[in-house]
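For reference, the structure discussed in these notes is given below.
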6 protein chains.
Amino acid sequence: MTTAFEPLDSGTIPRFAGLPTFMRLPVAEPAQVDIAILGVPFDLGTTNRAGTRHGPRELRNQSSLMRRVHHVTGLSPYDRARVADCGDVIIDPFDLMRSLDIIAAHYDGVREAGALPLTAGGDHLISLPILRGLAKANLNTRGPVGLIQFDAHSDTYDSFFNGSRYTHGTPFRRAIEEGLVDPRRFVQIGLRGAISDAGNYDYAREMGVRIIFIEEFMARGVEDVMAEARAIVGDAPTYVTFDIDVLDPSQAPGTGTPEIGGLDTREAQAMVRLLDGLDLIGADLVEVAPPFDPSGLTALTGATILFELLCVLAGVVEKKKGAR
Amino acid sequence: MTTAFEPLDSGTIPRFAGLPTFMRLPVAEPAQVDIAILGVPFDLGTTNRAGTRHGPRELRNQSSLMRRVHHVTGLSPYDRARVADCGDVIIDPFDLMRSLDIIAAHYDGVREAGALPLTAGGDHLISLPILRGLAKANLNTRGPVGLIQFDAHSDTYDSFFNGSRYTHGTPFRRAIEEGLVDPRRFVQIGLRGAISDAGNYDYAREMGVRIIFIEEFMARGVEDVMAEARAIVGDAPTYVTFDIDVLDPSQAPGTGTPEIGGLDTREAQAMVRLLDGLDLIGADLVEVAPPFDPSGLTALTGATILFELLCVLAGVVEKKKGAR
Amino acid sequence: MTTAFEPLDSGTIPRFAGLPTFMRLPVAEPAQVDIAILGVPFDLGTTNRAGTRHGPRELRNQSSLMRRVHHVTGLSPYDRARVADCGDVIIDPFDLMRSLDIIAAHYDGVREAGALPLTAGGDHLISLPILRGLAKANLNTRGPVGLIQFDAHSDTYDSFFNGSRYTHGTPFRRAIEEGLVDPRRFVQIGLRGAISDAGNYDYAREMGVRIIFIEEFMARGVEDVMAEARAIVGDAPTYVTFDIDVLDPSQAPGTGTPEIGGLDTREAQAMVRLLDGLDLIGADLVEVAPPFDPSGLTALTGATILFELLCVLAGVVEKKKGAR
Amino acid sequence: MTTAFEPLDSGTIPRFAGLPTFMRLPVAEPAQVDIAILGVPFDLGTTNRAGTRHGPRELRNQSSLMRRVHHVTGLSPYDRARVADCGDVIIDPFDLMRSLDIIAAHYDGVREAGALPLTAGGDHLISLPILRGLAKANLNTRGPVGLIQFDAHSDTYDSFFNGSRYTHGTPFRRAIEEGLVDPRRFVQIGLRGAISDAGNYDYAREMGVRIIFIEEFMARGVEDVMAEARAIVGDAPTYVTFDIDVLDPSQAPGTGTPEIGGLDTREAQAMVRLLDGLDLIGADLVEVAPPFDPSGLTALTGATILFELLCVLAGVVEKKKGAR
Amino acid sequence: MTTAFEPLDSGTIPRFAGLPTFMRLPVAEPAQVDIAILGVPFDLGTTNRAGTRHGPRELRNQSSLMRRVHHVTGLSPYDRARVADCGDVIIDPFDLMRSLDIIAAHYDGVREAGALPLTAGGDHLISLPILRGLAKANLNTRGPVGLIQFDAHSDTYDSFFNGSRYTHGTPFRRAIEEGLVDPRRFVQIGLRGAISDAGNYDYAREMGVRIIFIEEFMARGVEDVMAEARAIVGDAPTYVTFDIDVLDPSQAPGTGTPEIGGLDTREAQAMVRLLDGLDLIGADLVEVAPPFDPSGLTALTGATILFELLCVLAGVVEKKKGAR
Amino acid sequence: MTTAFEPLDSGTIPRFAGLPTFMRLPVAEPAQVDIAILGVPFDLGTTNRAGTRHGPRELRNQSSLMRRVHHVTGLSPYDRARVADCGDVIIDPFDLMRSLDIIAAHYDGVREAGALPLTAGGDHLISLPILRGLAKANLNTRGPVGLIQFDAHSDTYDSFFNGSRYTHGTPFRRAIEEGLVDPRRFVQIGLRGAISDAGNYDYAREMGVRIIFIEEFMARGVEDVMAEARAIVGDAPTYVTFDIDVLDPSQAPGTGTPEIGGLDTREAQAMVRLLDGLDLIGADLVEVAPPFDPSGLTALTGATILFELLCVLAGVVEKKKGAR
């Protein structure tokens, strides 16, 4: 379709050369592209081990290892959509609330520009302002969005530490409260790990969120779970959020709150591929914390998940273009 | 039940703050609690790569990431039993035999105090003096105990290096010889890896120990294997020993004798949960060697297995209390 | 059979002592043994992250952890064949083409000496000169060899960077072109990961190579896939090449081109064991890059796969001896 | 003097055993001791690489390697003063300003209790609330305190990021503005590294702060520089703050803003010893960031500097006791 | 002078945000600037531990920590000269000789464009084609250039491995032979370490190169040595090459051929500053090998030395502009 | 003199190829050589962080980076003496006292064979049995030997842990008590760090041992200190022991008991060179603990110190040969 927004050719320019943009793509403005890959270097929502502020840079770095064409579909996202590295959102490391506003405004602009955002976090709190930024037009016309969340944790706590309501453990309660996400079109996959109190999941359950613990996932398998997830969100607009800690920490050690007994990457890749055909309005990959990732494996894994998500989003773009 | 023996609340006191006791619990004496978590910083039984002397400290450190309530049962061990960090057994790093006596005496005291011991090792030789300490009363009344061992290795060699009979490769032969363990109520799960000679497993087999290699485990699955294991030990007193090297080294690299092709943590967690209802007299988690665990993943995994074991032991306590 | 070619006894000489030869074996000439373990410290074929030149040394180092007897078969390769560390092939780090000639000549010598070669690489380009060295006699009498390749990548590109035809992404196209490998007796297992262009696999497919992607493997399982692989190569002479990157990078991070979503070691070990009975003329284990393997896990995994391959090759030796 | 506040005896209890309190000391309340060692796990003031929230724990851990008696003086601080680990100040990771208040109140309490505080940070912003907490009584009676700062940076910027005035680059401007520190009795030693603008040091210079760059230090040497520093602060109450980044990053890599060309530890130790005899009201060691300190060397260095500072503070205690 | 070529303001855009260009500068063409910072990701000349191909990327990454103004001079290079990140030279990883031609042609272009090149390597062989590229105009008018080399090794061997004459151990013999460098205006500082044969330095000495071993440096000190170095090169055009291995490996471990007992960074920085006023035609910083630099310290050190060199080159630019 | 005992030529056989013997030398028996380099993989004397059992292997590994000719003297030890890797002493990891006997007997054999031993440890306790092995003949004819010890610690404690008299903190008290070392010809250089009690050095001082703390060393410098050291031992037989922890931990982090503020390698190398001309009967380099040395820097440093010691011992050999 277009050759302007192609990754550098690794058969000509070695992977170790050049600036590490996402996927070795050109830098551009959202208005120039169909899919904008953005970084949100933010960890002000982190309760324990910080470091996701360094996530976007290392995800860019490891994304130099990505290639053009998905081996299962035989399709290249770059043939189906214009894609670029649209830079980082510049947050304020000393003002959490102001940073949330900056992010929301930025994504409002991305949406206005007509690009689908694919985001490299940052901690999980960033999903909240992203949803705010993406939701405005949608709320006027089609209501709250659906949400598919791959995660070890529900992130629907109410507050921490003297009533802090904006943390990486609370974004999706806020998103429900703010009417950004329809809890009945909201599915969480891969949850596990001990919880602070027995009522931890009550809010989500009461609101109608479907929680699929790792144990249920293991019993049912990828296809069955994803069939249900697809049915839950239906064909209305849906956002996808992928917390790297849904994966087993052997495959993604560099994260703030690792939980053993997680998804393996084969399962995760298969599930992301089964997002194909949904009406996705964007996606994010969050919680990569490079200071806890000495080997770079977490960032490599994250970059590959970003590529998988990109391939799905490119399908959305192609479908919409065909529909015109 | 009790609020005195609760972990620090991570919603008030950040996980990175405070002294790293086991599970962020208070420090107490065994006589004050139902379950005593103890460290045994010992590696004098190690034949090759030492370092488990540093295990208890790093297990404590990573256990700061644990939470209160098990997500599958919805139960908190701290609601079911009084639990505390009962400190380390102070061994003598220059005298293996004396250290074994110190450990045995210490666990005799724990048993006398009426607490179930949950131990963080230390190399696998520590299971021998622990069994000695726990067995005295039992031997008088009910005979040798049953044993469920999760391990890559049988640890039933006779001796190494000029006839050393007390090493981390020999504890369970000694335990059988000393009448501490009933070999017909002894099951080993997850064994694998090349062996020194073809007769390596002969002693265990001749004594009636049931060995379930990883290959058999893969063919049968968690439920089937654990049903057999439960049948083997029956409802008589049983000890559980979990060698971290039963896990795949991608999930537990920091150990002295890693063997590829191991259990994954999802399988291991499921198996530990299926210990529920057995008449357990204690449990240990051994062979975490921090000098070979730069990322801390092994200690995190070990701390989580300790939490899983704690939940099972809390069930034992609750059951016994109910029976009174 | 022979006691001269035995590993050092780890019950007498601690694993940490002594020179780290492969499997703690004696150093010998190929003519003295049935199976020659050789190192090829070479990474001149690497397109991105180099470092496999250091592979043989670290594989030797970690092989100190290996033992004598396979736990599934109960057999020791050292009882079935004479095996030794036959040293490194001394390549020229400033001349790729000359190095290929050196390697080919060296393996021609090994073949002449009557030993089966088991090679520790080195990047994947080394398989080409090894096949050259092994093929001469074979080509005269029985034609091109069969090939079973465990790999994340097809390695059948035509060229890179201004027409470089000898790289670690091209050896098997060259091997087919040179008549060293029969593409209809060539099976590739475990492929995955994005590709540079949609026609990436066209050459291999057109030549008749059987490609089994990880997705097909997951659907069918070890036994089914290996039954097909065995049928493809039949009972004619066959070579086995094992690229460590076929494994998941959580189990083998130290490699130049890691791809997430790979084989796990349990699957890989099971598949290698199912090579038993084939008419193998040699095997290699390639792409271990120690500078990217800080924990040593990749080299440990590689050393264990070498041991598995050795056990299979020992069966070949024994069978041939019995046939005399 | 007292035996109750002694480190564990490492000839009886191995260094690897037991809870890692500071210096292996007992845990106590400030009112029980002459010198309170406290942790302030805080990094909310950090502009780039966070992680000092984990500093106190690792400083405690490495302090297990410390011993009792200073080898130069032959004196033990534990013979001269009662010293204990007085725990961590529990900050609020989501509220910088509230955390500063918590810290100030805590140190007000330490001062009220009559203990000299020795603090393990935490980023450098913590010195501000510590000075607030310590200053109240002093301001009433003797005016602002003197300050000796070992640091690569002046930390007297006005603000960052949209006017944030409370960061680890601004504490000492605030301290001067608030009248906590007398700028004419304030000396900064070891400054170096490029600066954001040429006027970076203007405020400090205009206020009368004495800045001794590393270049001047190298030309003059330890004794001459410390003679001047002692003269500047005189015999009035003085606080000491030691930012670990004053040291060369080869000796202290684990810090957020490393600057090459720093002090070496021999120089730093000699300078700290030359604080002896000053009227010190407390001291801190800040900016140890364990996520950037994989080898633990920075924490070991920090723990040793804490011991050196402790020895100096013990002299203050002894002197005051003698004066009574 | 110009504001267009300024680093990103770290008080507005956090250091962890944005693409990691050199010094956070804009990307531009050499013709747009006075000083072009370039990367040469090349390690084909390396005899043992490769990895400098990854040097430019990590040097860019760590250069995010640099600031604007030199603390000793109070001057900002960005006020004195237009400076930009001019990207990487795209070498051919499979053709050493072609790569040398590519590099030479590229620097010929930089020189034609009128920019002074500041290069981030790459192994030390890159200095040869850089000198070729820079020398053409000079050779016609003023003869060979002078050279100041900071290095642990002389790099004036004749050949390695079957006569390879282009390696990172030979560039300066080639440069002398090709008339690019005047050996009587060539000084080597910091040499040390065992050598292959006693005649190792004979060629350099016979040609008139001045070798200052670390021992002589220690005896004489920075000022005296640099006074001689300045006298040797005089006021004619001179190039500066800084091999990171001149530094002690505690400060620069990530390099292919570390030698203990090296310069410390304080000495190195002082020496680089004393290059001020020379007629420099360019400078390079080579041999940073990130795969051997897990902590990033070597790249941080390298980035700081690049900043020091940049400040000196900015003085050259300013002087020439003033002279017009 | 001889060409048979030469290191592999790194211009022909790359440093990454081949078995890592000490200095890439041939393996031989002591009787074949003038200087025997031996490994003693032993850490049973270690009180806290073990791991020196892995020292000899990593010292061999890093010694691949050594070259032939000393750059200061221009002499090659291999031209002056026959030198070989004489393998490891095979200790018993479960029997400290038996291991001491094995070591003593082994060195008695080396002495009988007429070779000077250069030893790679191992913890510092190994110096005791080495001295026993070397002393027998000497005691009969010339009395106890002199000793020059480079170390952070005196290692003259009496006992630890319930009276253990054979630890790495006690070897030299035992050596004096056993009459192996003449305390009036014994000098300790580089001592520092806090001590367990004020009387720590009393024994050594009372026996006449000369202790030169790091502070005295800094004040006097290399030449002055070594002049005194040489005078103390005189021209009678003397042994040299170099504990790697005498160096600053930035240069040698991988050791069990690091102490900041240590010697730098330039000072240490200069001091070792000033041993030239003494009547040395052997030397050792101890306390390299690879599990605490992730970057390999400590082993590289140790290997270089071994080379420096080798050069000095080669001078002893040459002198004795000349005297015949």
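Chain labels A, B, ... are given in the sequence in which chains occur in the structure tokens; within each chain residues are numbered consecutively from 1, and ligands are likewise numbered from 1 in the order shown.
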Starting from chain A, keep only residues with some atom at most 10 Å from an atom of chain E, counting only C-alpha atoms, and report them as a ChimeraX atom specification.
/A:11-22,27,39-42,52-58,60-61,87-93,294-295
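Residues in contact with Gln32 in chain A at up to 10 Å, not including ones fewer than 3 positions away on its chain and judged by only C-alpha atoms, are A:Phe5, A:Ala28, A:Glu29, A:Ile35, A:Ala36, A:Arg82, A:Val83, A:Ala84, A:Cys86, A:Ala113, A:Gly114, A:Ala115.
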Go ahead and write the selection's residues with N, CA and C atoms as a short mmCIF file (atom, residue, chain, number, x, y, z; two decimals), in the first residue's frame.
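As written to disk, out12.cif reads:
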```cif
data_model
loop_
_atom_site.label_atom_id
_atom_site.label_comp_id
_atom_site.auth_asym_id
_atom_site.auth_seq_id
_atom_site.Cartn_x
_atom_site.Cartn_y
_atom_site.Cartn_z
N PHE A 5 6.20 4.17 5.06
CA PHE A 5 6.24 3.82 6.49
C PHE A 5 6.66 2.37 6.68
N ALA A 28 6.97 9.98 12.93
CA ALA A 28 5.97 10.78 12.22
C ALA A 28 4.93 11.28 13.22
N GLU A 29 4.04 12.11 12.72
CA GLU A 29 2.92 12.59 13.52
C GLU A 29 1.73 11.64 13.36
N ILE A 35 -1.82 3.92 12.18
CA ILE A 35 -1.53 3.39 13.52
C ILE A 35 -0.33 4.15 14.08
N ALA A 36 -0.52 4.72 15.25
CA ALA A 36 0.55 5.47 15.91
C ALA A 36 1.09 4.65 17.06
N ARG A 82 -0.55 2.42 7.39
CA ARG A 82 0.61 3.29 7.59
C ARG A 82 0.91 3.32 9.10
N VAL A 83 2.15 3.02 9.46
CA VAL A 83 2.52 2.89 10.87
C VAL A 83 3.78 3.69 11.11
N ALA A 84 3.84 4.38 12.23
CA ALA A 84 5.05 5.12 12.55
C ALA A 84 5.28 5.17 14.06
N CYS A 86 5.42 7.48 16.85
CA CYS A 86 4.92 8.84 17.09
C CYS A 86 5.45 9.42 18.39
N ALA A 113 -6.72 12.86 15.28
CA ALA A 113 -5.91 12.73 14.07
C ALA A 113 -6.29 11.51 13.26
N GLY A 114 -7.10 10.67 13.83
CA GLY A 114 -7.59 9.51 13.08
C GLY A 114 -6.70 8.30 13.12
N ALA A 115 -5.73 8.27 14.04
CA ALA A 115 -4.83 7.12 14.14
C ALA A 115 -5.26 6.21 15.28
#
```
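If you look at CA of Asp245 in chain B and CA of Asp108 in chain B, they are 27.4 Å away from each other.
For range 28-159 of chain B, the set of residues given strand (DSSP E) by DSSP on the backbone reads Ile35, Ala36, Ile37, Leu38, Gly39, Val83, Ala84, Asp85, Cys86, Gly87, Asp88, Leu116, Pro117, Leu118, Thr119, Ala120, Val145, Gly146, Leu147, Ile148, Gln149 and Phe150 of chain B.
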Written file, previous selection with N, CA and C atoms, as a PDB file, in the first residue's frame:
```pdb
ATOM      1  N   ILE B  35       2.069 -22.096  63.454  1.00  0.00           N
ATOM      2  CA  ILE B  35       3.016 -22.426  62.378  1.00  0.00           C
ATOM      3  C   ILE B  35       4.229 -21.522  62.530  1.00  0.00           C
ATOM      4  N   ALA B  36       5.389 -22.142  62.607  1.00  0.00           N
ATOM      5  CA  ALA B  36       6.643 -21.402  62.756  1.00  0.00           C
ATOM      6  C   ALA B  36       7.396 -21.439  61.427  1.00  0.00           C
ATOM      7  N   ILE B  37       7.614 -20.263  60.854  1.00  0.00           N
ATOM      8  CA  ILE B  37       8.460 -20.229  59.654  1.00  0.00           C
ATOM      9  C   ILE B  37       9.884 -19.999  60.115  1.00  0.00           C
ATOM     10  N   LEU B  38      10.758 -20.883  59.677  1.00  0.00           N
ATOM     11  CA  LEU B  38      12.147 -20.850  60.142  1.00  0.00           C
ATOM     12  C   LEU B  38      13.102 -20.875  58.955  1.00  0.00           C
ATOM     13  N   GLY B  39      14.234 -20.240  59.149  1.00  0.00           N
ATOM     14  CA  GLY B  39      15.298 -20.341  58.155  1.00  0.00           C
ATOM     15  C   GLY B  39      16.406 -21.244  58.641  1.00  0.00           C
ATOM     16  N   VAL B  83       0.779 -17.421  62.802  1.00  0.00           N
ATOM     17  CA  VAL B  83       2.003 -17.674  62.032  1.00  0.00           C
ATOM     18  C   VAL B  83       3.001 -16.572  62.327  1.00  0.00           C
ATOM     19  N   ALA B  84       4.264 -16.934  62.458  1.00  0.00           N
ATOM     20  CA  ALA B  84       5.299 -15.921  62.689  1.00  0.00           C
ATOM     21  C   ALA B  84       6.621 -16.352  62.064  1.00  0.00           C
ATOM     22  N   ASP B  85       7.487 -15.365  61.935  1.00  0.00           N
ATOM     23  CA  ASP B  85       8.876 -15.627  61.565  1.00  0.00           C
ATOM     24  C   ASP B  85       9.604 -15.998  62.845  1.00  0.00           C
ATOM     25  N   CYS B  86      10.020 -17.243  62.932  1.00  0.00           N
ATOM     26  CA  CYS B  86      10.684 -17.720  64.151  1.00  0.00           C
ATOM     27  C   CYS B  86      12.202 -17.740  64.026  1.00  0.00           C
ATOM     28  N   GLY B  87      12.707 -16.950  63.074  1.00  0.00           N
ATOM     29  CA  GLY B  87      14.150 -16.751  63.002  1.00  0.00           C
ATOM     30  C   GLY B  87      14.907 -17.876  62.329  1.00  0.00           C
ATOM     31  N   ASP B  88      16.221 -17.773  62.403  1.00  0.00           N
ATOM     32  CA  ASP B  88      17.103 -18.754  61.776  1.00  0.00           C
ATOM     33  C   ASP B  88      17.672 -19.715  62.810  1.00  0.00           C
ATOM     34  N   LEU B 116       3.780 -26.202  63.978  1.00  0.00           N
ATOM     35  CA  LEU B 116       4.176 -26.880  62.746  1.00  0.00           C
ATOM     36  C   LEU B 116       5.299 -26.068  62.109  1.00  0.00           C
ATOM     37  N   PRO B 117       6.404 -26.693  61.727  1.00  0.00           N
ATOM     38  CA  PRO B 117       7.495 -25.925  61.132  1.00  0.00           C
ATOM     39  C   PRO B 117       7.381 -25.861  59.610  1.00  0.00           C
ATOM     40  N   LEU B 118       7.567 -24.652  59.083  1.00  0.00           N
ATOM     41  CA  LEU B 118       7.699 -24.421  57.646  1.00  0.00           C
ATOM     42  C   LEU B 118       9.080 -23.819  57.454  1.00  0.00           C
ATOM     43  N   THR B 119       9.935 -24.537  56.749  1.00  0.00           N
ATOM     44  CA  THR B 119      11.355 -24.198  56.739  1.00  0.00           C
ATOM     45  C   THR B 119      11.807 -23.683  55.387  1.00  0.00           C
ATOM     46  N   ALA B 120      12.628 -22.639  55.438  1.00  0.00           N
ATOM     47  CA  ALA B 120      13.308 -22.121  54.247  1.00  0.00           C
ATOM     48  C   ALA B 120      14.782 -22.472  54.346  1.00  0.00           C
ATOM     49  N   VAL B 145       7.328 -41.443  59.575  1.00  0.00           N
ATOM     50  CA  VAL B 145       6.393 -40.580  58.863  1.00  0.00           C
ATOM     51  C   VAL B 145       6.409 -40.896  57.368  1.00  0.00           C
ATOM     52  N   GLY B 146       5.355 -40.446  56.710  1.00  0.00           N
ATOM     53  CA  GLY B 146       5.330 -40.456  55.257  1.00  0.00           C
ATOM     54  C   GLY B 146       6.071 -39.253  54.711  1.00  0.00           C
ATOM     55  N   LEU B 147       6.430 -39.320  53.442  1.00  0.00           N
ATOM     56  CA  LEU B 147       7.204 -38.222  52.860  1.00  0.00           C
ATOM     57  C   LEU B 147       6.799 -38.016  51.402  1.00  0.00           C
ATOM     58  N   ILE B 148       6.486 -36.789  51.083  1.00  0.00           N
ATOM     59  CA  ILE B 148       6.271 -36.401  49.690  1.00  0.00           C
ATOM     60  C   ILE B 148       7.391 -35.449  49.316  1.00  0.00           C
ATOM     61  N   GLN B 149       8.165 -35.841  48.313  1.00  0.00           N
ATOM     62  CA  GLN B 149       9.349 -35.095  47.914  1.00  0.00           C
ATOM     63  C   GLN B 149       9.190 -34.625  46.481  1.00  0.00           C
ATOM     64  N   PHE B 150       9.189 -33.299  46.295  1.00  0.00           N
ATOM     65  CA  PHE B 150       9.248 -32.726  44.953  1.00  0.00           C
ATOM     66  C   PHE B 150      10.707 -32.414  44.667  1.00  0.00           C
TER      67      PHE B 150
END
```
How far is it from CA of Ile189 in chain B to CA of Ala152 in chain B, in Å with one decimal?
7.8 Å
Please provide as a count of residues only all residues within 12 Å of Glu206 in chain B, with the sequence filter that same-chain residues fewer than 5 positions apart are discarded (counting only C-alpha atoms).
9
